[in-house]
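Okay, structure.cif now, which holds mmCIF, C-alpha atoms:
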data_target
#
loop_
_atom_site.label_atom_id
_atom_site.label_comp_id
_atom_site.auth_asym_id
_atom_site.auth_seq_id
_atom_site.Cartn_x
_atom_site.Cartn_y
_atom_site.Cartn_z
CA MET A 149 11.52 -44.17 -29.87
CA LYS A 150 15.10 -43.40 -30.95
CA ARG A 151 13.97 -42.92 -34.53
CA LYS A 152 11.31 -40.45 -33.42
CA ILE A 153 13.84 -38.50 -31.32
CA SER A 154 16.41 -38.39 -34.12
CA ARG A 155 13.71 -37.31 -36.59
CA GLN A 156 12.62 -34.53 -34.19
CA VAL A 157 16.25 -33.42 -33.75
CA LYS A 158 16.69 -33.24 -37.52
CA THR A 159 13.47 -31.25 -37.85
CA ASP A 160 14.59 -28.84 -35.15
CA MET A 161 18.02 -28.47 -36.77
CA TRP A 162 16.47 -27.64 -40.14
CA GLY A 163 14.16 -25.16 -38.43
CA TRP A 164 17.04 -23.41 -36.70
CA LEU A 165 19.03 -23.46 -39.92
CA MET A 166 16.21 -21.72 -41.77
CA VAL A 167 15.81 -18.97 -39.16
CA SER A 168 19.55 -18.61 -38.50
CA PRO A 169 20.01 -15.68 -40.95
CA LEU A 170 17.29 -13.73 -39.14
CA VAL A 171 18.64 -14.65 -35.69
CA LEU A 172 22.21 -13.73 -36.68
CA GLY A 173 21.00 -10.49 -38.23
CA MET A 174 19.19 -9.51 -35.04
CA LEU A 175 22.19 -10.42 -32.87
CA ILE A 176 24.69 -8.54 -35.04
CA PHE A 177 22.66 -5.50 -36.11
CA THR A 178 20.28 -5.07 -33.15
CA VAL A 179 21.39 -6.76 -29.92
CA TYR A 180 25.11 -6.03 -30.26
CA PRO A 181 24.66 -2.29 -31.06
CA LEU A 182 22.22 -1.94 -28.14
CA VAL A 183 24.56 -3.56 -25.63
CA SER A 184 27.67 -1.80 -26.97
CA SER A 185 25.95 1.61 -26.92
CA LEU A 186 24.97 1.07 -23.28
CA VAL A 187 28.59 0.22 -22.46
CA TYR A 188 29.90 3.25 -24.40
CA SER A 189 27.59 5.55 -22.44
CA LEU A 190 29.47 4.62 -19.26
CA PHE A 191 32.85 5.61 -20.69
CA ASN A 192 34.51 8.81 -21.85
CA TYR A 193 34.70 7.20 -25.28
CA ARG A 194 35.62 9.09 -28.47
CA GLY A 195 34.26 6.49 -30.89
CA THR A 196 37.56 5.06 -32.14
CA GLY A 197 39.88 2.42 -30.76
CA PRO A 198 39.35 0.00 -27.89
CA LEU A 199 37.72 0.97 -24.61
CA ASP A 200 40.07 2.17 -21.90
CA MET A 201 39.03 1.19 -18.38
CA ASP A 202 40.78 4.31 -17.09
CA LYS A 203 38.09 6.33 -18.87
CA PHE A 204 35.22 4.56 -17.13
CA VAL A 205 33.01 7.36 -15.77
CA MET A 206 29.91 5.41 -14.71
CA PHE A 207 26.91 7.79 -15.06
CA GLU A 208 28.96 10.96 -15.50
CA ASN A 209 27.89 11.31 -19.15
CA TYR A 210 24.25 11.24 -18.11
CA LYS A 211 24.83 13.85 -15.40
CA ASN A 212 26.68 16.16 -17.78
CA LEU A 213 23.71 16.21 -20.16
CA PHE A 214 21.57 17.89 -17.49
CA SER A 215 24.25 20.24 -16.16
CA TYR A 216 24.05 22.74 -19.03
CA THR A 217 20.82 24.37 -20.18
CA GLY A 218 22.01 26.91 -22.74
CA GLU A 219 21.51 26.96 -26.51
CA GLY A 220 22.80 23.84 -28.20
CA SER A 221 22.58 21.75 -25.04
CA PHE A 222 20.79 18.43 -24.64
CA LEU A 223 17.98 20.03 -22.63
CA HIS A 224 17.58 22.67 -25.33
CA ALA A 225 17.33 19.98 -28.01
CA LEU A 226 14.93 18.00 -25.84
CA LYS A 227 12.77 21.09 -25.42
CA ASN A 228 12.68 21.67 -29.19
CA THR A 229 11.76 18.03 -29.79
CA ALA A 230 9.01 18.19 -27.16
CA ILE A 231 7.55 21.41 -28.61
CA TYR A 232 7.51 19.92 -32.09
CA THR A 233 5.91 16.69 -30.85
CA ILE A 234 3.24 18.43 -28.76
CA ILE A 235 2.20 20.69 -31.65
CA SER A 236 2.74 18.62 -34.78
CA VAL A 237 1.33 15.25 -33.69
CA PRO A 238 -2.15 16.46 -32.59
CA LEU A 239 -2.32 18.98 -35.43
CA GLY A 240 -1.33 16.41 -38.03
CA MET A 241 -3.77 13.84 -36.66
CA VAL A 242 -6.75 16.22 -36.59
CA LEU A 243 -6.11 17.63 -40.07
CA GLY A 244 -5.25 14.20 -41.45
CA TYR A 245 -8.45 12.68 -40.08
CA LEU A 246 -10.57 15.52 -41.46
CA LEU A 247 -8.87 15.09 -44.82
CA ALA A 248 -9.52 11.34 -44.72
CA THR A 249 -13.19 12.00 -43.88
CA PHE A 250 -13.49 14.23 -46.94
CA LEU A 251 -11.68 11.75 -49.17
CA SER A 252 -13.90 8.90 -47.94
CA ALA A 253 -17.10 10.75 -48.83
CA ASN A 254 -18.94 9.84 -51.99
CA ILE A 255 -17.71 12.90 -53.86
CA LYS A 256 -16.77 12.72 -57.50
CA GLY A 257 -13.00 12.80 -57.93
CA SER A 258 -12.19 12.34 -54.23
CA ARG A 259 -9.95 9.34 -54.97
CA LYS A 260 -7.86 11.48 -57.31
CA PHE A 261 -7.33 13.95 -54.49
CA LEU A 262 -6.18 11.04 -52.31
CA VAL A 263 -3.42 10.27 -54.81
CA LEU A 264 -2.39 13.94 -54.97
CA PHE A 265 -2.18 14.26 -51.19
CA TYR A 266 -0.23 11.01 -50.90
CA LEU A 267 2.39 11.92 -53.53
CA PRO A 268 4.49 14.20 -51.24
CA THR A 269 5.12 11.28 -48.89
CA LEU A 270 6.91 9.45 -51.73
CA ILE A 271 9.60 12.14 -51.92
CA SER A 272 12.74 11.37 -49.95
CA SER A 273 12.91 13.35 -46.70
CA VAL A 274 16.44 14.49 -47.60
CA VAL A 275 15.32 15.77 -51.00
CA ALA A 276 12.26 17.40 -49.43
CA GLY A 277 14.46 19.13 -46.85
CA ALA A 278 16.73 20.52 -49.57
CA LEU A 279 13.73 21.75 -51.58
CA TRP A 280 12.16 23.46 -48.58
CA ALA A 281 15.50 25.05 -47.68
CA ASP A 282 15.49 26.79 -51.08
CA MET A 283 11.79 27.64 -50.95
CA LEU A 284 12.03 29.21 -47.49
CA ASN A 285 15.22 31.15 -48.20
CA PRO A 286 14.55 34.77 -47.13
CA GLU A 287 16.50 36.22 -50.07
CA TYR A 288 15.64 34.16 -53.15
CA GLY A 289 13.06 31.65 -51.89
CA ILE A 290 9.99 31.18 -54.08
CA ILE A 291 7.57 31.77 -51.18
CA ASN A 292 8.95 35.23 -50.38
CA THR A 293 9.20 35.98 -54.09
CA ILE A 294 5.46 35.29 -54.47
CA LEU A 295 4.64 37.35 -51.37
CA LYS A 296 6.61 40.31 -52.72
CA ASN A 297 5.54 40.21 -56.37
CA VAL A 298 1.93 39.06 -56.01
CA PHE A 299 0.86 40.41 -52.63
CA GLY A 300 3.11 43.46 -52.56
CA LEU A 301 4.96 42.53 -49.39
CA VAL A 302 7.85 44.96 -49.01
CA GLU A 303 10.09 42.74 -46.91
CA GLY A 304 10.11 38.97 -47.04
CA ILE A 305 9.21 36.88 -44.02
CA PRO A 306 12.36 35.58 -42.27
CA PHE A 307 11.25 31.94 -42.22
CA THR A 308 14.67 30.72 -41.08
CA ASP A 309 15.05 33.15 -38.16
CA LYS A 310 15.00 31.90 -34.58
CA SER A 311 11.44 33.06 -33.94
CA HIS A 312 9.99 31.56 -37.16
CA LEU A 313 12.01 28.41 -37.83
CA MET A 314 10.01 25.93 -35.72
CA ALA A 315 6.68 27.24 -37.04
CA SER A 316 8.03 27.09 -40.60
CA TYR A 317 9.03 23.48 -40.20
CA ILE A 318 5.71 22.46 -38.67
CA PHE A 319 4.04 24.09 -41.68
CA MET A 320 6.30 21.98 -43.92
CA THR A 321 5.21 18.75 -42.26
CA LEU A 322 1.55 19.45 -43.06
CA PHE A 323 2.28 18.56 -46.68
CA ASN A 324 2.79 14.95 -45.56
CA LEU A 325 -0.73 14.50 -44.23
CA GLY A 326 -1.49 12.04 -47.00
CA GLY A 327 0.64 9.34 -45.36
CA GLY A 328 -1.58 9.08 -42.29
CA SER A 329 -4.75 9.92 -44.19
CA ILE A 330 -4.51 6.89 -46.44
CA ILE A 331 -4.60 4.66 -43.33
CA TRP A 332 -7.62 6.50 -41.99
CA VAL A 333 -9.34 6.28 -45.37
CA ALA A 334 -8.93 2.51 -45.17
CA GLY A 335 -10.33 2.54 -41.62
CA ILE A 336 -13.33 4.73 -42.45
CA SER A 337 -14.08 2.65 -45.55
CA SER A 338 -14.03 -0.55 -43.48
CA VAL A 339 -16.89 0.59 -41.24
CA ASP A 340 -19.95 -1.51 -42.03
CA LYS A 341 -22.58 0.56 -43.86
CA VAL A 342 -25.29 -1.19 -41.85
CA TYR A 343 -24.51 1.06 -38.88
CA TYR A 344 -25.05 4.20 -40.94
CA GLU A 345 -28.28 2.88 -42.43
CA ALA A 346 -29.66 1.98 -39.00
CA ALA A 347 -28.64 5.38 -37.57
CA GLU A 348 -30.21 7.21 -40.51
CA ILE A 349 -33.47 5.33 -40.00
CA ASP A 350 -33.41 6.40 -36.34
CA GLY A 351 -33.10 10.01 -37.47
CA ALA A 352 -29.41 10.59 -36.67
CA GLY A 353 -27.82 13.47 -38.57
CA LYS A 354 -24.42 13.52 -40.26
CA LEU A 355 -22.61 14.90 -37.23
CA GLN A 356 -24.24 12.35 -34.94
CA ARG A 357 -23.28 9.53 -37.30
CA PHE A 358 -19.72 10.85 -37.40
CA PHE A 359 -19.26 11.13 -33.63
CA LYS A 360 -21.28 8.04 -32.68
CA ILE A 361 -20.21 5.64 -35.45
CA THR A 362 -17.26 6.73 -37.58
CA LEU A 363 -15.05 8.11 -34.83
CA PRO A 364 -15.48 5.27 -32.29
CA LEU A 365 -15.08 2.50 -34.88
CA THR A 366 -11.89 3.99 -36.32
CA THR A 367 -10.13 4.50 -32.97
CA PRO A 368 -7.73 1.55 -33.62
CA TYR A 369 -6.46 3.40 -36.71
CA ILE A 370 -6.24 6.64 -34.72
CA PHE A 371 -4.25 4.83 -32.03
CA TYR A 372 -1.88 3.37 -34.63
CA ASN A 373 -1.23 6.78 -36.18
CA LEU A 374 -0.75 8.26 -32.71
CA ILE A 375 1.99 5.77 -31.83
CA ILE A 376 3.71 6.09 -35.22
CA GLY A 377 3.47 9.88 -35.14
CA LEU A 378 4.77 10.08 -31.58
CA ILE A 379 7.79 7.89 -32.26
CA GLY A 380 8.52 9.65 -35.56
CA ALA A 381 8.33 13.12 -33.98
CA LEU A 382 10.68 12.20 -31.13
CA GLN A 383 13.16 10.73 -33.63
CA LEU A 384 13.03 13.74 -35.94
CA PHE A 385 16.27 14.07 -37.90
CA ASN A 386 16.43 14.07 -41.72
CA GLN A 387 14.58 17.19 -42.83
CA PRO A 388 15.70 19.51 -39.98
CA PHE A 389 19.28 18.33 -40.52
CA VAL A 390 19.18 19.15 -44.23
CA LEU A 391 17.17 22.34 -43.74
CA THR A 392 19.63 23.77 -41.18
CA LYS A 393 22.74 22.09 -42.67
CA GLY A 394 23.17 20.09 -39.49
CA GLY A 395 23.54 23.09 -37.20
CA GLY A 396 20.00 23.44 -35.90
CA GLY A 397 19.45 26.86 -37.47
CA ASP A 398 19.49 30.33 -35.95
CA GLY A 399 19.77 30.05 -32.17
CA TYR A 400 19.56 26.25 -32.49
CA ALA A 401 15.81 26.75 -32.89
CA LEU A 402 15.42 23.49 -34.82
CA LEU A 403 18.06 21.40 -33.07
CA THR A 404 16.50 18.04 -32.20
CA VAL A 405 17.79 15.29 -29.93
CA GLU A 406 18.59 13.02 -32.88
CA MET A 407 20.59 15.81 -34.55
CA LEU A 408 22.55 16.44 -31.35
CA ILE A 409 23.26 12.71 -31.01
CA TYR A 410 24.60 12.63 -34.57
CA ASN A 411 26.73 15.76 -34.15
CA SER A 412 28.13 14.58 -30.81
CA ALA A 413 28.96 11.10 -32.08
CA PHE A 414 30.85 12.39 -35.11
CA SER A 415 32.72 15.04 -33.11
CA GLY A 416 34.41 12.55 -30.81
CA LYS A 417 31.82 12.48 -28.01
CA MET A 418 30.50 8.96 -28.48
CA GLY A 419 29.99 8.47 -24.75
CA GLU A 420 27.66 11.46 -24.46
CA ALA A 421 25.95 10.59 -27.75
CA THR A 422 25.07 7.07 -26.61
CA ALA A 423 23.89 8.42 -23.25
CA MET A 424 21.52 10.79 -25.10
CA ALA A 425 20.35 7.92 -27.28
CA TRP A 426 19.45 5.82 -24.24
CA ILE A 427 17.61 8.69 -22.58
CA LEU A 428 15.61 9.24 -25.76
CA CYS A 429 14.94 5.50 -25.98
CA LEU A 430 13.58 5.46 -22.43
CA ILE A 431 11.38 8.50 -23.12
CA ILE A 432 9.91 6.87 -26.23
CA ALA A 433 9.39 3.57 -24.38
CA ALA A 434 7.68 5.35 -21.48
CA LEU A 435 5.33 7.39 -23.67
CA THR A 436 4.51 4.37 -25.83
CA GLY A 437 3.85 2.27 -22.74
CA LEU A 438 1.55 4.93 -21.28
CA SER A 439 -0.30 5.16 -24.59
CA PHE A 440 -0.95 1.42 -24.56
CA LEU A 441 -1.86 1.54 -20.87
CA PHE A 442 -4.65 4.07 -21.41
CA SER A 443 -5.70 2.78 -24.83
CA ASP A 444 -8.29 0.41 -23.32
CA LYS A 445 -10.30 3.42 -22.16
CA TRP A 446 -10.89 4.87 -25.63
CA VAL A 447 -9.83 2.40 -28.34
CA ASN A 448 -12.69 0.20 -29.54
CA TYR A 449 -11.71 -3.03 -31.24
CA ALA A 450 -14.07 -5.12 -33.34
CA ASP A 451 -13.97 -8.10 -30.95
CA ASP A 452 -14.65 -6.02 -27.81
#
Represent the supplied structure as structure tokens.
Amino acid sequence: MKRKISRQVKTDMWGWLMVSPLVLGMLIFTVYPLVSSLVYSLFNYRGTGPLDMDKFVMFENYKNLFSYTGEGSFLHALKNTAIYTIISVPLGMVLGYLLATFLSANIKGSRKFLVLFYLPTLISSVVAGALWADMLNPEYGIINTILKNVFGLVEGIPFTDKSHLMASYIFMTLFNLGGGSIIWVAGISSVDKVYYEAAEIDGAGKLQRFFKITLPLTTPYIFYNLIIGLIGALQLFNQPFVLTKGGGGDGYALLTVEMLIYNSAFSGKMGEATAMAWILCLIIAALTGLSFLFSDKWVNYADD
């Protein structure tokens, strides 16, 4: 019995030793930052030096975030992020799915188009933001240059103005449809051809086969892209930051919550920055939880 116990202890020790790098990594780089950020959000902390208990403000940082509603405020950034999410996620999913449907059809050369549409997603978001900043420049940008010289437009479109900046950025994001489309192409291709053959024998047309077979059987892939798109949109940072040089653009029209968190943290307002981060975390968790809660009503899995 003692030999068995000692052998089991040795096995357990070797097991823990093997997973210890992962466990330590999670504790140091995930658990500790989460706990420390929650603590910082309760203090008037500047981000440097030890915490001072005299600067303990409880939930004052959270209250301050909702006390100002002007341009550049947290509520303004939250509004921009919500507008972008509400418009870009459904638009990107619909266009991406239609693109995937076209690329999955038995059309000569469709696979080559899939590669072309996927290529923009391989470009770094920082590099892409810098490129778009030059392309959308109202003075020397290539888009306005083409509109003036080819289409005879007298004055260029002010893409970076307050009233156009959000729409311009949403247009930019449409060039990354290939990332989600490649997942949907895999989903559409995985649908058993037997269903289509049986539906065709029964006299179902192409639209009927699409809405009765393709769409229902690819809902798990749609749900996956919905969750990823939702989280990515709420955490929007890289391209808007580069495009507006960190300031959010004219009238803070493209200021997102993540950008405001970054700017606040590196301007000595670590307490407010961590409070914003936790509010954003709770919003993402709530929306993700609701998505999973209602997914049973429309997502069809193979084993259902």
Q: Quick one: apply the PyMOL selection byres ((chain A and resi 436) around 12) to the file and drop the selected residues here as a ChimeraX atom specification.
A: /A:371-372,374-380,382,429-435,437-443
Q) Residues at most 10 Å from segment 361-367 of chain A, counting only C-alpha atoms, excluding those fewer than 2 positions away in the same chain, as a ChimeraX atom specification? A) /A:245,249,332-340,343-344,347,355-359,369-373,443,446-450
Q: Given the file shown, determine the residues that the PyMOL selection byres ((chain A and resi 204-207) around 9) selects; report them as a list in words.
A: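 Answer for the PyMOL selection byres ((chain A and resi 204-207) around 9): Ser189, Leu190, Phe191, Asn192, Tyr193, Leu199, Asp200, Met201, Asp202, Lys203, Glu208, Asn209, Tyr210, Lys211, Asn212 and Ala423 of chain A.
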Go ahead and write the selection's residues with C-alpha atoms as a PDB file, keeping the file's coordinate frame.
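And here is the file that came out, out.pdb:
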ATOM      1  CA  SER A 189      27.590   5.550 -22.440  1.00  0.00           C
ATOM      2  CA  LEU A 190      29.470   4.620 -19.260  1.00  0.00           C
ATOM      3  CA  PHE A 191      32.850   5.610 -20.690  1.00  0.00           C
ATOM      4  CA  ASN A 192      34.510   8.810 -21.850  1.00  0.00           C
ATOM      5  CA  TYR A 193      34.700   7.200 -25.280  1.00  0.00           C
ATOM      6  CA  LEU A 199      37.720   0.970 -24.610  1.00  0.00           C
ATOM      7  CA  ASP A 200      40.070   2.170 -21.900  1.00  0.00           C
ATOM      8  CA  MET A 201      39.030   1.190 -18.380  1.00  0.00           C
ATOM      9  CA  ASP A 202      40.780   4.310 -17.090  1.00  0.00           C
ATOM     10  CA  LYS A 203      38.090   6.330 -18.870  1.00  0.00           C
ATOM     11  CA  GLU A 208      28.960  10.960 -15.500  1.00  0.00           C
ATOM     12  CA  ASN A 209      27.890  11.310 -19.150  1.00  0.00           C
ATOM     13  CA  TYR A 210      24.250  11.240 -18.110  1.00  0.00           C
ATOM     14  CA  LYS A 211      24.830  13.850 -15.400  1.00  0.00           C
ATOM     15  CA  ASN A 212      26.680  16.160 -17.780  1.00  0.00           C
ATOM     16  CA  ALA A 423      23.890   8.420 -23.250  1.00  0.00           C
TER      17      ALA A 423
END
(Q) Quick one: residues within 9 Å of segment 267-281 of chain A, only C-alpha atoms, excluding same-chain residues fewer than 6 positions away - as a list in words? (A)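 With the cut-off at 9 Å, the set is Gly289, Thr308, Tyr317, Met320, Phe323, Asn324, Leu325, Gly326, Gly327, Asn386, Gln387, Pro388, Phe389, Val390, Leu391 and Thr392 of chain A.
Across the model, the gap from atom CA of Phe385 of chain A to atom CA of Glu406 of chain A is 5.6 Å.
Running the PyMOL selection byres ((chain A and resi 409) around 9) on this file leaves Phe222, Thr404, Val405, Glu406, Met407, Leu408, Tyr410, Asn411, Ser412, Ala413, Phe414, Met418, Glu420, Ala421, Thr422, Ala423, Met424 and Ala425 of chain A selected.
Using only C-alpha atoms, the shortest contact distance between Ile318 of chain A and any of A:Pro238, A:Gly394, A:Gly195, A:Gly351 is found at A:Pro238.
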Q: May I have the protein, DNA and RNA residues with an atom at most 6 Å from (14.7, 37.5, -47.0), counting all atoms listed in the file in the file's coordinates, returned as a list in words?
A: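 Those residues lying close to the given coordinates are Pro286, Glu287, Gly304 and Pro306 of chain A.
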**Q.** Computed interatomic separation between atom CA of Val237 of chain A and atom CA of Ser329 of chain A (Å)
**A.**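 These two atoms are separated by 13.3 Å.
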